[in-house]
Structure formats: structure tokens, C-alpha cells
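What follows is the content of model_13.pdb, which has PDB, C-alpha atoms and all ligand atoms:
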ATOM      1  CA  MET A   7      37.753  74.105  52.090  1.00  0.00           C
ATOM      2  CA  SER A   8      34.575  72.438  53.263  1.00  0.00           C
ATOM      3  CA  THR A   9      31.412  74.287  54.245  1.00  0.00           C
ATOM      4  CA  SER A  10      30.220  74.534  57.816  1.00  0.00           C
ATOM      5  CA  ALA A  11      27.581  71.882  57.205  1.00  0.00           C
ATOM      6  CA  GLU A  12      30.123  69.510  55.663  1.00  0.00           C
ATOM      7  CA  ARG A  13      32.445  70.054  58.601  1.00  0.00           C
ATOM      8  CA  ARG A  14      29.677  69.179  61.087  1.00  0.00           C
ATOM      9  CA  GLU A  15      28.838  66.092  59.069  1.00  0.00           C
ATOM     10  CA  GLU A  16      32.467  64.981  59.080  1.00  0.00           C
ATOM     11  CA  LEU A  17      32.773  65.656  62.799  1.00  0.00           C
ATOM     12  CA  ARG A  18      29.687  63.536  63.404  1.00  0.00           C
ATOM     13  CA  SER A  19      31.248  60.747  61.420  1.00  0.00           C
ATOM     14  CA  VAL A  20      34.493  60.913  63.475  1.00  0.00           C
ATOM     15  CA  PHE A  21      32.310  60.877  66.592  1.00  0.00           C
ATOM     16  CA  GLU A  22      30.533  57.764  65.348  1.00  0.00           C
ATOM     17  CA  GLN A  23      33.898  56.075  64.878  1.00  0.00           C
ATOM     18  CA  ALA A  24      35.115  57.128  68.326  1.00  0.00           C
ATOM     19  CA  ARG A  25      31.886  55.924  69.967  1.00  0.00           C
ATOM     20  CA  GLY A  26      32.701  52.329  69.127  1.00  0.00           C
ATOM     21  CA  CYS A  27      36.455  52.564  69.663  1.00  0.00           C
ATOM     22  CA  THR A  28      38.105  49.647  71.479  1.00  0.00           C
ATOM     23  CA  ARG A  29      41.749  50.580  70.922  1.00  0.00           C
ATOM     24  CA  CYS A  30      42.310  50.870  74.687  1.00  0.00           C
ATOM     25  CA  ALA A  31      40.833  47.605  75.988  1.00  0.00           C
ATOM     26  CA  GLN A  32      40.673  48.778  79.585  1.00  0.00           C
ATOM     27  CA  LEU A  33      39.104  52.179  78.890  1.00  0.00           C
ATOM     28  CA  ALA A  34      36.598  50.660  76.468  1.00  0.00           C
ATOM     29  CA  SER A  35      35.485  48.251  79.159  1.00  0.00           C
ATOM     30  CA  THR A  36      35.274  50.744  82.043  1.00  0.00           C
ATOM     31  CA  ARG A  37      33.815  53.839  80.328  1.00  0.00           C
ATOM     32  CA  THR A  38      30.116  54.631  80.480  1.00  0.00           C
ATOM     33  CA  GLN A  39      30.430  56.455  77.179  1.00  0.00           C
ATOM     34  CA  VAL A  40      32.912  58.168  74.914  1.00  0.00           C
ATOM     35  CA  VAL A  41      33.229  61.899  75.620  1.00  0.00           C
ATOM     36  CA  PHE A  42      34.049  63.160  72.168  1.00  0.00           C
ATOM     37  CA  GLY A  43      33.906  66.919  72.680  1.00  0.00           C
ATOM     38  CA  ALA A  44      31.294  69.626  72.340  1.00  0.00           C
ATOM     39  CA  GLY A  45      30.840  73.154  71.139  1.00  0.00           C
ATOM     40  CA  ASN A  46      31.006  75.183  67.981  1.00  0.00           C
ATOM     41  CA  ALA A  47      32.274  73.330  64.930  1.00  0.00           C
ATOM     42  CA  ASP A  48      33.326  76.688  63.422  1.00  0.00           C
ATOM     43  CA  ALA A  49      35.071  77.927  66.551  1.00  0.00           C
ATOM     44  CA  ASP A  50      38.178  80.098  66.333  1.00  0.00           C
ATOM     45  CA  LEU A  51      39.072  78.957  69.834  1.00  0.00           C
ATOM     46  CA  MET A  52      39.469  75.359  70.920  1.00  0.00           C
ATOM     47  CA  PHE A  53      40.348  73.965  74.349  1.00  0.00           C
ATOM     48  CA  VAL A  54      42.006  70.594  74.847  1.00  0.00           C
ATOM     49  CA  GLY A  55      41.944  69.130  78.336  1.00  0.00           C
ATOM     50  CA  GLU A  56      43.252  65.854  79.667  1.00  0.00           C
ATOM     51  CA  ALA A  57      40.521  63.208  79.955  1.00  0.00           C
ATOM     52  CA  PRO A  58      36.921  62.926  81.094  1.00  0.00           C
ATOM     53  CA  GLY A  59      36.255  62.558  84.814  1.00  0.00           C
ATOM     54  CA  ALA A  60      33.307  60.850  86.512  1.00  0.00           C
ATOM     55  CA  LYS A  61      30.720  63.538  85.664  1.00  0.00           C
ATOM     56  CA  GLU A  62      31.861  63.794  82.064  1.00  0.00           C
ATOM     57  CA  ASP A  63      31.759  59.995  81.694  1.00  0.00           C
ATOM     58  CA  GLU A  64      28.221  60.038  83.082  1.00  0.00           C
ATOM     59  CA  GLN A  65      26.949  62.925  80.908  1.00  0.00           C
ATOM     60  CA  GLY A  66      29.045  62.445  77.774  1.00  0.00           C
ATOM     61  CA  VAL A  67      30.086  66.112  77.739  1.00  0.00           C
ATOM     62  CA  PRO A  68      33.564  67.487  78.551  1.00  0.00           C
ATOM     63  CA  PHE A  69      34.213  69.755  81.522  1.00  0.00           C
ATOM     64  CA  VAL A  70      30.862  69.533  83.273  1.00  0.00           C
ATOM     65  CA  GLY A  71      32.287  69.004  86.778  1.00  0.00           C
ATOM     66  CA  ALA A  72      33.932  71.517  89.120  1.00  0.00           C
ATOM     67  CA  ALA A  73      36.813  72.229  86.738  1.00  0.00           C
ATOM     68  CA  GLY A  74      34.258  72.825  83.987  1.00  0.00           C
ATOM     69  CA  LYS A  75      32.396  75.369  86.091  1.00  0.00           C
ATOM     70  CA  LEU A  76      35.630  77.252  86.552  1.00  0.00           C
ATOM     71  CA  LEU A  77      36.332  77.046  82.826  1.00  0.00           C
ATOM     72  CA  ASP A  78      32.848  78.459  82.108  1.00  0.00           C
ATOM     73  CA  GLU A  79      33.501  81.318  84.521  1.00  0.00           C
ATOM     74  CA  LEU A  80      36.894  82.083  82.974  1.00  0.00           C
ATOM     75  CA  LEU A  81      35.347  82.046  79.509  1.00  0.00           C
ATOM     76  CA  ALA A  82      32.548  84.358  80.586  1.00  0.00           C
ATOM     77  CA  GLY A  83      35.182  86.759  81.950  1.00  0.00           C
ATOM     78  CA  VAL A  84      36.471  87.288  78.395  1.00  0.00           C
ATOM     79  CA  GLY A  85      33.024  87.361  76.822  1.00  0.00           C
ATOM     80  CA  PHE A  86      32.750  83.755  75.627  1.00  0.00           C
ATOM     81  CA  ALA A  87      30.175  81.058  76.212  1.00  0.00           C
ATOM     82  CA  ARG A  88      30.513  77.373  75.433  1.00  0.00           C
ATOM     83  CA  ARG A  89      28.647  77.773  72.195  1.00  0.00           C
ATOM     84  CA  ASP A  90      31.458  80.053  70.953  1.00  0.00           C
ATOM     85  CA  VAL A  91      34.281  77.561  71.476  1.00  0.00           C
ATOM     86  CA  PHE A  92      34.975  73.869  71.022  1.00  0.00           C
ATOM     87  CA  ILE A  93      36.092  71.801  74.021  1.00  0.00           C
ATOM     88  CA  ALA A  94      37.738  68.385  73.734  1.00  0.00           C
ATOM     89  CA  ASN A  95      40.208  66.237  75.621  1.00  0.00           C
ATOM     90  CA  ALA A  96      43.383  64.355  74.765  1.00  0.00           C
ATOM     91  CA  LEU A  97      41.578  61.158  75.826  1.00  0.00           C
ATOM     92  CA  LYS A  98      37.953  60.554  74.922  1.00  0.00           C
ATOM     93  CA  CYS A  99      37.401  57.911  77.625  1.00  0.00           C
ATOM     94  CA  ARG A 100      37.638  58.222  81.382  1.00  0.00           C
ATOM     95  CA  PRO A 101      40.664  56.515  82.936  1.00  0.00           C
ATOM     96  CA  PRO A 102      39.371  54.440  85.859  1.00  0.00           C
ATOM     97  CA  GLY A 103      39.660  56.237  89.194  1.00  0.00           C
ATOM     98  CA  ASN A 104      40.785  59.341  87.267  1.00  0.00           C
ATOM     99  CA  ARG A 105      44.310  57.990  87.001  1.00  0.00           C
ATOM    100  CA  ASP A 106      46.699  59.736  84.625  1.00  0.00           C
ATOM    101  CA  PRO A 107      46.357  58.828  80.951  1.00  0.00           C
ATOM    102  CA  LEU A 108      48.956  56.263  79.834  1.00  0.00           C
ATOM    103  CA  PRO A 109      51.255  57.138  76.918  1.00  0.00           C
ATOM    104  CA  ALA A 110      49.749  54.296  74.846  1.00  0.00           C
ATOM    105  CA  GLU A 111      46.224  55.627  75.510  1.00  0.00           C
ATOM    106  CA  ILE A 112      47.198  59.123  74.407  1.00  0.00           C
ATOM    107  CA  ASP A 113      48.715  57.647  71.297  1.00  0.00           C
ATOM    108  CA  ASN A 114      45.641  55.521  70.559  1.00  0.00           C
ATOM    109  CA  CYS A 115      43.364  58.546  70.866  1.00  0.00           C
ATOM    110  CA  ARG A 116      45.576  60.983  68.991  1.00  0.00           C
ATOM    111  CA  ASP A 117      43.952  60.558  65.576  1.00  0.00           C
ATOM    112  CA  TYR A 118      40.531  61.598  66.890  1.00  0.00           C
ATOM    113  CA  LEU A 119      41.974  64.828  68.267  1.00  0.00           C
ATOM    114  CA  MET A 120      43.920  65.470  65.062  1.00  0.00           C
ATOM    115  CA  GLU A 121      40.721  65.047  63.068  1.00  0.00           C
ATOM    116  CA  GLN A 122      38.894  67.450  65.389  1.00  0.00           C
ATOM    117  CA  VAL A 123      41.629  70.042  64.966  1.00  0.00           C
ATOM    118  CA  ARG A 124      41.678  69.549  61.186  1.00  0.00           C
ATOM    119  CA  LEU A 125      37.920  69.898  60.828  1.00  0.00           C
ATOM    120  CA  ILE A 126      37.319  72.735  63.291  1.00  0.00           C
ATOM    121  CA  ALA A 127      40.452  74.551  62.102  1.00  0.00           C
ATOM    122  CA  PRO A 128      40.664  76.926  65.078  1.00  0.00           C
ATOM    123  CA  ARG A 129      42.936  79.982  65.118  1.00  0.00           C
ATOM    124  CA  VAL A 130      43.969  79.384  68.719  1.00  0.00           C
ATOM    125  CA  ILE A 131      44.186  76.155  70.695  1.00  0.00           C
ATOM    126  CA  CYS A 132      44.443  76.386  74.468  1.00  0.00           C
ATOM    127  CA  THR A 133      45.938  73.256  75.934  1.00  0.00           C
ATOM    128  CA  LEU A 134      44.848  72.783  79.531  1.00  0.00           C
ATOM    129  CA  GLY A 135      47.575  71.240  81.678  1.00  0.00           C
ATOM    130  CA  ASN A 136      50.535  69.026  80.956  1.00  0.00           C
ATOM    131  CA  PHE A 137      49.102  66.153  78.952  1.00  0.00           C
ATOM    132  CA  SER A 138      47.564  68.048  76.059  1.00  0.00           C
ATOM    133  CA  THR A 139      50.402  70.588  76.050  1.00  0.00           C
ATOM    134  CA  LYS A 140      53.033  67.876  75.677  1.00  0.00           C
ATOM    135  CA  LEU A 141      50.944  66.064  73.099  1.00  0.00           C
ATOM    136  CA  LEU A 142      50.313  69.037  70.817  1.00  0.00           C
ATOM    137  CA  ARG A 143      53.820  70.484  71.175  1.00  0.00           C
ATOM    138  CA  GLY A 144      55.439  67.072  70.695  1.00  0.00           C
ATOM    139  CA  ASP A 145      57.827  67.883  73.529  1.00  0.00           C
ATOM    140  CA  THR A 146      58.157  67.058  77.229  1.00  0.00           C
ATOM    141  CA  THR A 147      58.397  70.652  78.525  1.00  0.00           C
ATOM    142  CA  GLY A 148      55.965  71.123  81.394  1.00  0.00           C
ATOM    143  CA  ILE A 149      53.096  73.564  81.750  1.00  0.00           C
ATOM    144  CA  SER A 150      54.700  75.644  84.502  1.00  0.00           C
ATOM    145  CA  ARG A 151      57.387  76.736  82.015  1.00  0.00           C
ATOM    146  CA  LEU A 152      55.006  77.280  79.103  1.00  0.00           C
ATOM    147  CA  HIS A 153      51.707  78.661  80.396  1.00  0.00           C
ATOM    148  CA  GLY A 154      50.642  82.009  79.009  1.00  0.00           C
ATOM    149  CA  GLN A 155      53.146  81.952  76.138  1.00  0.00           C
ATOM    150  CA  ALA A 156      51.595  81.605  72.705  1.00  0.00           C
ATOM    151  CA  GLU A 157      53.577  79.947  69.958  1.00  0.00           C
ATOM    152  CA  ILE A 158      52.847  78.924  66.404  1.00  0.00           C
ATOM    153  CA  VAL A 159      52.852  75.165  65.888  1.00  0.00           C
ATOM    154  CA  THR A 160      51.967  73.058  62.870  1.00  0.00           C
ATOM    155  CA  ILE A 161      49.323  70.480  63.571  1.00  0.00           C
ATOM    156  CA  GLY A 162      48.563  68.266  60.604  1.00  0.00           C
ATOM    157  CA  SER A 163      48.765  70.598  57.631  1.00  0.00           C
ATOM    158  CA  ARG A 164      47.829  73.810  59.482  1.00  0.00           C
ATOM    159  CA  ALA A 165      49.722  76.366  61.476  1.00  0.00           C
ATOM    160  CA  VAL A 166      47.844  77.395  64.609  1.00  0.00           C
ATOM    161  CA  ARG A 167      48.583  79.486  67.676  1.00  0.00           C
ATOM    162  CA  LEU A 168      48.989  77.218  70.672  1.00  0.00           C
ATOM    163  CA  TYR A 169      48.400  78.828  74.050  1.00  0.00           C
ATOM    164  CA  PRO A 170      49.125  76.541  77.010  1.00  0.00           C
ATOM    165  CA  LEU A 171      47.173  77.213  80.196  1.00  0.00           C
ATOM    166  CA  TYR A 172      47.166  75.652  83.632  1.00  0.00           C
ATOM    167  CA  HIS A 173      44.480  73.011  83.979  1.00  0.00           C
ATOM    168  CA  PRO A 174      41.428  74.492  85.761  1.00  0.00           C
ATOM    169  CA  ALA A 175      41.346  71.453  88.096  1.00  0.00           C
ATOM    170  CA  ALA A 176      44.808  72.401  89.380  1.00  0.00           C
ATOM    171  CA  ALA A 177      43.717  76.019  89.814  1.00  0.00           C
ATOM    172  CA  LEU A 178      40.735  74.951  91.927  1.00  0.00           C
ATOM    173  CA  TYR A 179      43.051  73.993  94.744  1.00  0.00           C
ATOM    174  CA  THR A 180      45.882  76.513  94.468  1.00  0.00           C
ATOM    175  CA  ARG A 181      45.122  80.208  94.708  1.00  0.00           C
ATOM    176  CA  ALA A 182      48.338  81.306  92.990  1.00  0.00           C
ATOM    177  CA  LEU A 183      47.607  79.076  90.005  1.00  0.00           C
ATOM    178  CA  LEU A 184      44.091  80.468  89.774  1.00  0.00           C
ATOM    179  CA  ASP A 185      45.412  84.042  89.664  1.00  0.00           C
ATOM    180  CA  THR A 186      47.900  83.050  86.968  1.00  0.00           C
ATOM    181  CA  LEU A 187      45.234  81.217  84.978  1.00  0.00           C
ATOM    182  CA  ARG A 188      42.930  84.264  85.115  1.00  0.00           C
ATOM    183  CA  ALA A 189      45.734  86.540  83.942  1.00  0.00           C
ATOM    184  CA  ASP A 190      46.615  84.155  81.082  1.00  0.00           C
ATOM    185  CA  VAL A 191      42.973  83.825  79.998  1.00  0.00           C
ATOM    186  CA  ALA A 192      42.601  87.619  80.019  1.00  0.00           C
ATOM    187  CA  ARG A 193      45.087  87.746  77.117  1.00  0.00           C
ATOM    188  CA  LEU A 194      42.989  85.457  74.928  1.00  0.00           C
ATOM    189  CA  PRO A 195      40.973  88.165  73.096  1.00  0.00           C
ATOM    190  CA  ALA A 196      44.194  89.878  72.002  1.00  0.00           C
ATOM    191  CA  LEU A 197      45.578  86.569  70.798  1.00  0.00           C
ATOM    192  CA  LEU A 198      42.436  85.843  68.799  1.00  0.00           C
ATOM    193  CA  ALA A 199      42.655  89.269  67.175  1.00  0.00           C
ATOM    194  CA  LEU A 200      46.088  88.532  65.672  1.00  0.00           C
ATOM    195  CA  ASP A 201      46.402  87.647  61.992  1.00  0.00           C
ATOM    196  CA  LEU A 202      46.279  83.990  61.050  1.00  0.00           C
ATOM    197  CA  PRO A 203      49.787  82.562  61.135  1.00  0.00           C
ATOM    198  CA  ALA A 204      51.412  81.946  57.740  1.00  0.00           C
ATOM    199  CA  GLN A 205      50.276  78.549  56.529  1.00  0.00           C
ATOM    200  CA  PRO A 206      52.593  75.818  55.247  1.00  0.00           C
ATOM    201  CA  GLU A 207      52.519  75.132  51.499  1.00  0.00           C
ATOM    202  CA  PRO A 208      49.934  72.445  50.697  1.00  0.00           C
ATOM    203  CA  ILE A 209      51.464  69.103  49.747  1.00  0.00           C
ATOM    204  CA  VAL A 210      50.187  68.657  46.203  1.00  0.00           C
ATOM    205  CA  GLU A 211      51.282  64.999  45.988  1.00  0.00           C
ATOM    206  CA  ALA A 212      48.722  64.119  48.638  1.00  0.00           C
ATOM    207  CA  VAL A 213      45.942  64.891  46.160  1.00  0.00           C
ATOM    208  CA  LEU A 214      47.436  62.448  43.685  1.00  0.00           C
ATOM    209  CA  GLN A 215      47.547  59.504  46.091  1.00  0.00           C
ATOM    210  CA  PRO A 216      44.862  56.822  45.804  1.00  0.00           C
ATOM    211  CA  ASP A 217      42.454  56.625  48.734  1.00  0.00           C
ATOM    212  CA  PRO A 218      44.295  54.916  51.584  1.00  0.00           C
ATOM    213  CA  ALA A 219      42.862  51.688  52.951  1.00  0.00           C
ATOM    214  CA  PRO A 220      41.016  52.186  56.238  1.00  0.00           C
ATOM    215  CA  PRO A 221      43.469  51.915  59.150  1.00  0.00           C
ATOM    216  CA  SER A 222      43.638  48.528  60.821  1.00  0.00           C
ATOM    217  CA  TRP A 223      42.437  50.095  64.079  1.00  0.00           C
ATOM    218  CA  ALA A 224      39.308  51.573  62.482  1.00  0.00           C
ATOM    219  CA  PRO A 225      36.798  51.400  65.322  1.00  0.00           C
ATOM    220  CA  GLN A 226      33.491  49.634  65.102  1.00  0.00           C
ATOM    221  CA  ILE A 227      30.439  51.814  64.747  1.00  0.00           C
ATOM    222  CA  ASP A 228      28.180  51.245  67.686  1.00  0.00           C
ATOM    223  CA  ASP A 229      24.631  50.893  66.443  1.00  0.00           C
ATOM    224  CA  GLY A 230      23.230  50.906  69.980  1.00  0.00           C
ATOM    225  CA  SER A 231      20.209  53.079  70.559  1.00  0.00           C
ATOM    226  CA  ASP A 232      21.715  55.434  73.180  1.00  0.00           C
ATOM    227  CA  GLU A 233      21.632  59.110  72.269  1.00  0.00           C
ATOM    228  CA  PRO A 234      24.981  60.414  71.031  1.00  0.00           C
ATOM    229  CA  GLN A 235      26.341  63.276  73.126  1.00  0.00           C
ATOM    230  CA  LEU A 236      27.693  65.609  70.512  1.00  0.00           C
ATOM    231  CA  GLY A 237      26.630  69.090  71.442  1.00  0.00           C
ATOM    232  CA  LEU A 238      27.430  70.739  68.155  1.00  0.00           C
ATOM    233  CA  PHE A 239      26.428  74.324  67.496  1.00  0.00           C
TER     234      PHE A 239
HETATM  235  N1  LIG A 301      39.265  67.433  83.217  1.00  0.00           N
HETATM  236  C1  LIG A 301      39.593  67.305  81.920  1.00  0.00           C
HETATM  237  O1  LIG A 301      40.766  67.380  81.560  1.00  0.00           O
HETATM  238  N2  LIG A 301      38.633  67.118  81.047  1.00  0.00           N
HETATM  239  C2  LIG A 301      37.360  67.050  81.387  1.00  0.00           C
HETATM  240  O2  LIG A 301      36.533  66.874  80.498  1.00  0.00           O
HETATM  241  C3  LIG A 301      37.030  67.188  82.745  1.00  0.00           C
HETATM  242  C4  LIG A 301      37.995  67.384  83.646  1.00  0.00           C
END

Would you write out, as C-alpha cells, the structure that this file holds?
Ligand code: URA
Amino acid sequence: MSTSAERREELRSVFEQARGCTRCAQLASTRTQVVFGAGNADADLMFVGEAPGAKEDEQGVPFVGAAGKLLDELLAGVGFARRDVFIANALKCRPPGNRDPLPAEIDNCRDYLMEQVRLIAPRVICTLGNFSTKLLRGDTTGISRLHGQAEIVTIGSRAVRLYPLYHPAAALYTRALLDTLRADVARLPALLALDLPAQPEPIVEAVLQPDPAPPSWAPQIDDGSDEPQLGLF
């Protein structure tokens, strides 16, 4: 198990890779910057949204627009601030005009999210809305059937409690969804207090494999002088 400092270092290195990513030609050409994610690299609680919007693309930080304000307020209601959690998205680049992410884009971006989950190793992951819920459950069941119901899923080599929530952007416009989202979020502290789920047996063979060659899609590292937006605590 790596130390906190090593984990931050590794996260920074994944961020550097993502910053130069051109796997989605359209998104790479229309984004202002990659919105990697921000928060506490040692967080027990991680949120995964859909994709950056205009404000996030401009500032390089997830959930800084209206939906983000609501997320902050919901977090504060259960005693959390941003520095206590880690917030990321299924897509690290803004889809033009805020269109829905395409399946190929979600697939292209998946490894960055998997690396974030592996390194942060949260106890609970809240998926926000349909896209991240379907991605991390590997299933097409929609959020209206799943919200507020925690389940144990294996992501990479770790078992984690997944807790799907309505997306705050949806709750901004529909009162009933907001009430439901508040009630679901109110159960988060109890969920975090549960024991860690039983972990799968480590795959010993993996240790014996030679280092794999870098993947063919390995993104370029952008050596531009712009400040990276990785708000790590
Ligand atoms: N909606 C998301 O899903 N993510 C953001 O970062 C902002 C809005």
C-alpha cells in the first residue's frame, strides 16, 4: 500500500497524462482544459459526475457551476467540505454544447477514472446521475431505480460501496428530485461508518508479470506553461 505522498505523486502523474490526452479528437479540440478532478487524495468518499460544463471547462475544476453549489450545500448538510472528499467526472473534457457523453468517449476516458479510484481507494463512491452509475455498475439500469441504494461492487481489484444519487443538475429543476437527493445524501454518514467490504483475494500472478508496455493510446504530456488545475489536499 502506498503512502499518502506517493498516492498524490501518482495522481499528479495520471493528471499529467490526462492533460495531453487526444483520444477523443473532438473533445481535445474543443476543450479549454482537461478537468481531471479535485479534492482529498485520501478521501473515504468520492463523487463521480458526468462531464465538465462551461464553468468547469473554464476553471479546470469539477462542479463549480450551479450544480456544484448545490453539491457543496448538500455536503455541508452532512458535515463535509470539498477538502474532505474527492470529486471527479466520467469524462474529463467538456462535450461541446454540454451534449451527452458518447459511449466511445466514456470508454476512452475510463482508464483515468479507474486510476483515480485505485489511487484514492475510497470506501464509498457516489455516482451522480445515469452516466457514471451505468459506467461503474457495468449495467444499463437507470438512476431512478437505483438511487439511494448502496451496493458493493468490485472496481479494479477493490470492493467498494457504490451509492448512486440523482445528479444535482437534475435536482436543480425538479423539487421532488431535490427532496429525494437530500434524503439520500442524509444517509451518507451511516454508510461511511460501515465496515470496509470484504476485499477480493489479490491476484498473485500479477506481481510476477513483466512490466507491460505503455498502452498505444498513452497520451502526450503537455509541456505548456499553463498552471495545472489539480486541487489536491
Ligand atoms: N456536471 C457534472 O456532471 N460535472 C461537473 O463537473 C459539472 C456539472

Could you list the residues chosen by the PyMOL selection byres (((chain A and resi 189) around 12) and not hetatm) in this structure as a ChimeraX atom specification? /A:80,83-84,153-155,171-172,182-188,190-195

So what do you get for CA of Asp106 (chain A) versus CA of Phe92 (chain A), distance-wise?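 Taking CA of Asp106 (chain A) and CA of Phe92 (chain A), their separation equals 22.9 Å.
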
Kindly provide the residues of chain A that approach ligand LIG 301 (chain A) to within 7 Å, each paired with its closest atom pair and their distance in Å to one decimal, based on all atoms listed in the file, listed by chain and increasing number, as CSV.
residue,atom,partner,partner_atom,distance
A:Gly55,CA,A:LIG301,O1,3.9
A:Glu56,CA,A:LIG301,O1,3.5
A:Ala57,CA,A:LIG301,O1,4.5
A:Pro58,CA,A:LIG301,O2,4.0
A:Gly59,CA,A:LIG301,C3,5.1
A:Glu62,CA,A:LIG301,O2,5.8
A:Pro68,CA,A:LIG301,O2,3.6
A:Phe69,CA,A:LIG301,O2,3.8
A:Val70,CA,A:LIG301,C3,6.6
A:Gly71,CA,A:LIG301,C3,6.5
A:Ala73,CA,A:LIG301,C4,5.9
A:Gly74,CA,A:LIG301,C3,6.4
A:Asn95,CA,A:LIG301,N2,5.7
A:Ala175,CA,A:LIG301,N1,6.7

Atomic distance CA of Met120 (chain A) - CA of Leu178 (chain A), expressed in Å with one decimal: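 Computing it gives 28.7 Å between the two atoms.
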
Here's the selection I'm unsure about, the PyMOL selection byres (((chain A and resi 65) around 12) and not hetatm); applied to the file above, which residues does it give, as number ranges by chain? A: 37-44, 58-64, 66-71, 100, 232-237

Computed interatomic separation between CA of Ile112 (chain A) and CA of Arg151 (chain A) (Å):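 We find that CA of Ile112 (chain A) and CA of Arg151 (chain A) lie 21.7 Å from each other.
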
What's the 8 Å shell around Ala127 (chain A), counting only C-alpha atoms, without same-chain residues fewer than 5 positions away, as a list in words? Asp48, Ala49, Asp50, Gln122 and Arg164 of chain A

Determine, using all atoms listed in the file, which residues of region 115-177 of chain A have any atom at most 12 Å from an atom of region 8-22 of chain A, and tabulate each with its shortest atom pair and distance in Å to one decimal place, rows ordered by chain and then rising number, as CSV.
residue,atom,partner,partner_atom,distance
A:Cys115,CA,A:Val20,CA,11.8
A:Asp117,CA,A:Val20,CA,9.7
A:Tyr118,CA,A:Val20,CA,7.0
A:Leu119,CA,A:Val20,CA,9.7
A:Met120,CA,A:Val20,CA,10.6
A:Glu121,CA,A:Val20,CA,7.5
A:Gln122,CA,A:Leu17,CA,6.9
A:Val123,CA,A:Leu17,CA,10.1
A:Arg124,CA,A:Arg13,CA,9.6
A:Leu125,CA,A:Arg13,CA,5.9
A:Ile126,CA,A:Arg13,CA,7.3
A:Ala127,CA,A:Arg13,CA,9.8

Might you pull out every residue within 7 Å of region 200-204 of chain A, with all atoms listed in the file counted and same-chain residues fewer than 3 positions away left off, and present them as a PyMOL selection string? chain A and resi 129+165-166+196-197
